[in-house]
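Enquirer: One structure is given below, represented as structure tokens, and several questions about it will come after.
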Amino acid sequence: MTERSIIFFDIDGTLLNHDKKLPDLTKKAIFTLKEAGHEVAIATGRAPFMFEDLRKELDIHTYVSYNGQYVVLNDEVIHTNGLNLSSLEKLTDEALENEHPVVFMDHEDMTTNVPDHDYITESISTLKIDRFPTHDPNYYKDRAIYQTLLFCTEGEEKQYEEKYKDFDIIRWHPVAVDVLPAGGSKAEGIEKIVQKLGFPRERQYAFGDGLNDREMLTDIHHSVAMGNASEEIKSVAKYVTKSVDEDGLYHGLKMVGLL
């Protein structure tokens, strides 16, 4: 029997193609891995409620979400890391003065501090999810918030980066940035899972394509960048496969000998 490995997959641009669809060959590959006894997990910047359907479709119960801030192993939460609420309150007040809307996100829902804004509609619609933030400006005050979305044009986030050192601010859309706890990453979340499961480094694999995959693809022993990744991300991975639109995940799994 093949020695068991653990494989972490990013979602957007890796499991899902540019139309946010799951390619047939990708789905077959995931179930082939599971049938062979491998542990299959997701590592994403998305909130848990943004990929619930995908987890059900692929029968996956272990995942790193919010870029490492909310980690689940076999349906049990094993690690959380929320934003500093005092700093978040200051950032929210400042953003409101600058007419930059904010969306607060915990493990169950997301709410916005303004009733309506074009930037929110424009950016969140690209995720092609069946949920939109409701309006609740006080949502963050009595719960752990794992990520905040700040809506501003390119360059406007600099003023927040300079002031809020306990946050990492990462752009994901021309009018939107993620606000995360400083130093958190998919790699850190993955470490929590592999420590529990005891997989040695040589039995760890990861597939990704985005800037938020950099630490994961740098740290994981068998890392695979998708063909649609930037040159910067390809340069830190051990392997580069075809684009997601050319069944890159399937080809990458064959390349590393898992299929």
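Residues are named by chain letter and number: chains run A, B, ... in the order of the structure tokens, numbers start at 1 in each chain, and ligands are numbered from 1 in the order shown.
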Extract the full set of alpha helix (DSSP H) residues from region 35-211 of chain A according to DSSP on the backbone, and format it as a ChimeraX atom specification.

Expert: /A:35,52-58,85-97,118-124,158-163,186-197

Enquirer: Can you tell me, as a PyMOL selection string, what residues are no more than 9 Å from Ser5 (chain A) when counting only C-alpha atoms, ignoring any on the same chain fewer than 4 positions away?

Expert: chain A and resi 37-40+199-200+202-205+258

Enquirer: Extract, using only C-alpha atoms, all DNA, RNA and protein residues at most 9 Å from Leu88 (chain A), discarding same-chain residues fewer than 5 positions from it, and format them as number ranges by chain.

Expert: A: 83, 93, 140, 148, 164, 167

Enquirer: So which one's closest to Ser243 (chain A), A:Leu15, A:Asn113, A:Leu211, A:Glu3? Using only C-alpha atoms, please.

Expert: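 When distances to Ser243 (chain A) are compared using only C-alpha atoms, the smallest one comes from A:Leu15.
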
Enquirer: Using only C-alpha atoms, which residue out of A:Phe207, A:Asp130, A:Ile11, A:Asn212 lies closest to Leu253 (chain A)?

Expert: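 Smallest separation from Leu253 (chain A) among the options: A:Phe207.
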
Enquirer: Residues near Asn67 (chain A), anyone? I mean within 7 Å using only C-alpha atoms, not counting same-chain ones fewer than 3 positions away, as a VMD selection string.

Expert: chain A and resid 44 to 45 64 184 to 186

Enquirer: Using DSSP assignments from the backbone, pull out every residue in region 153-206 of chain A that falls under strand (DSSP E) and give it to me as JSON, numbers by chain.

Expert: {"A": [167, 168, 169, 170, 171, 172, 173, 176, 177, 178, 179, 180, 181, 204, 205, 206]}

Enquirer: Once you have the residues from the selection above, write them out as an mmCIF file, in the first residue's frame, restricted to N, CA, C and O atoms.

Expert:
```cif
data_model
loop_
_atom_site.group_PDB
_atom_site.id
_atom_site.type_symbol
_atom_site.label_atom_id
_atom_site.label_comp_id
_atom_site.auth_asym_id
_atom_site.auth_seq_id
_atom_site.Cartn_x
_atom_site.Cartn_y
_atom_site.Cartn_z
ATOM 1 N N PHE A 167 -1.763 44.161 12.356
ATOM 2 C CA PHE A 167 -2.539 43.602 11.243
ATOM 3 C C PHE A 167 -1.650 43.413 10.017
ATOM 4 O O PHE A 167 -0.737 44.210 9.775
ATOM 5 N N ASP A 168 -1.925 42.370 9.259
ATOM 6 C CA ASP A 168 -1.385 42.229 7.906
ATOM 7 C C ASP A 168 -2.492 42.638 6.941
ATOM 8 O O ASP A 168 -3.633 42.163 7.068
ATOM 9 N N ILE A 169 -2.173 43.507 6.018
ATOM 10 C CA ILE A 169 -3.166 44.015 5.060
ATOM 11 C C ILE A 169 -2.746 43.569 3.663
ATOM 12 O O ILE A 169 -1.673 43.921 3.184
ATOM 13 N N ILE A 170 -3.594 42.740 3.040
ATOM 14 C CA ILE A 170 -3.237 42.088 1.768
ATOM 15 C C ILE A 170 -4.317 42.370 0.728
ATOM 16 O O ILE A 170 -5.493 42.063 0.942
ATOM 17 N N ARG A 171 -3.914 42.948 -0.396
ATOM 18 C CA ARG A 171 -4.897 43.253 -1.441
ATOM 19 C C ARG A 171 -5.279 42.000 -2.213
ATOM 20 O O ARG A 171 -4.436 41.195 -2.569
ATOM 21 N N TRP A 172 -6.590 41.852 -2.473
ATOM 22 C CA TRP A 172 -7.081 40.713 -3.257
ATOM 23 C C TRP A 172 -7.981 41.152 -4.410
ATOM 24 O O TRP A 172 -8.397 40.361 -5.236
ATOM 25 N N HIS A 173 -8.266 42.460 -4.478
ATOM 26 C CA HIS A 173 -9.137 43.000 -5.530
ATOM 27 C C HIS A 173 -8.765 44.473 -5.692
ATOM 28 O O HIS A 173 -8.308 45.101 -4.727
ATOM 29 N N ALA A 176 -10.413 46.184 -2.827
ATOM 30 C CA ALA A 176 -10.596 45.496 -1.538
ATOM 31 C C ALA A 176 -9.298 44.879 -1.033
ATOM 32 O O ALA A 176 -8.514 44.323 -1.800
ATOM 33 N N VAL A 177 -9.102 44.971 0.298
ATOM 34 C CA VAL A 177 -7.968 44.305 0.951
ATOM 35 C C VAL A 177 -8.482 43.466 2.113
ATOM 36 O O VAL A 177 -9.534 43.753 2.697
ATOM 37 N N ASP A 178 -7.729 42.399 2.434
ATOM 38 C CA ASP A 178 -7.965 41.605 3.639
ATOM 39 C C ASP A 178 -7.193 42.242 4.787
ATOM 40 O O ASP A 178 -6.054 42.666 4.607
ATOM 41 N N VAL A 179 -7.807 42.263 5.965
ATOM 42 C CA VAL A 179 -7.121 42.674 7.186
ATOM 43 C C VAL A 179 -7.079 41.444 8.090
ATOM 44 O O VAL A 179 -8.124 40.923 8.497
ATOM 45 N N LEU A 180 -5.855 40.971 8.392
ATOM 46 C CA LEU A 180 -5.657 39.729 9.153
ATOM 47 C C LEU A 180 -4.709 39.971 10.325
ATOM 48 O O LEU A 180 -3.921 40.922 10.296
ATOM 49 N N PRO A 181 -4.735 39.102 11.338
ATOM 50 C CA PRO A 181 -3.744 39.229 12.411
ATOM 51 C C PRO A 181 -2.321 39.128 11.846
ATOM 52 O O PRO A 181 -2.051 38.280 10.996
ATOM 53 N N GLN A 204 4.210 15.582 3.150
ATOM 54 C CA GLN A 204 3.330 16.755 3.108
ATOM 55 C C GLN A 204 3.385 17.407 1.725
ATOM 56 O O GLN A 204 4.473 17.615 1.170
ATOM 57 N N TYR A 205 2.214 17.724 1.192
ATOM 58 C CA TYR A 205 2.087 18.329 -0.139
ATOM 59 C C TYR A 205 1.154 19.529 -0.055
ATOM 60 O O TYR A 205 0.232 19.551 0.758
ATOM 61 N N ALA A 206 1.383 20.518 -0.921
ATOM 62 C CA ALA A 206 0.481 21.672 -0.986
ATOM 63 C C ALA A 206 0.417 22.207 -2.412
ATOM 64 O O ALA A 206 1.432 22.239 -3.123
#
```
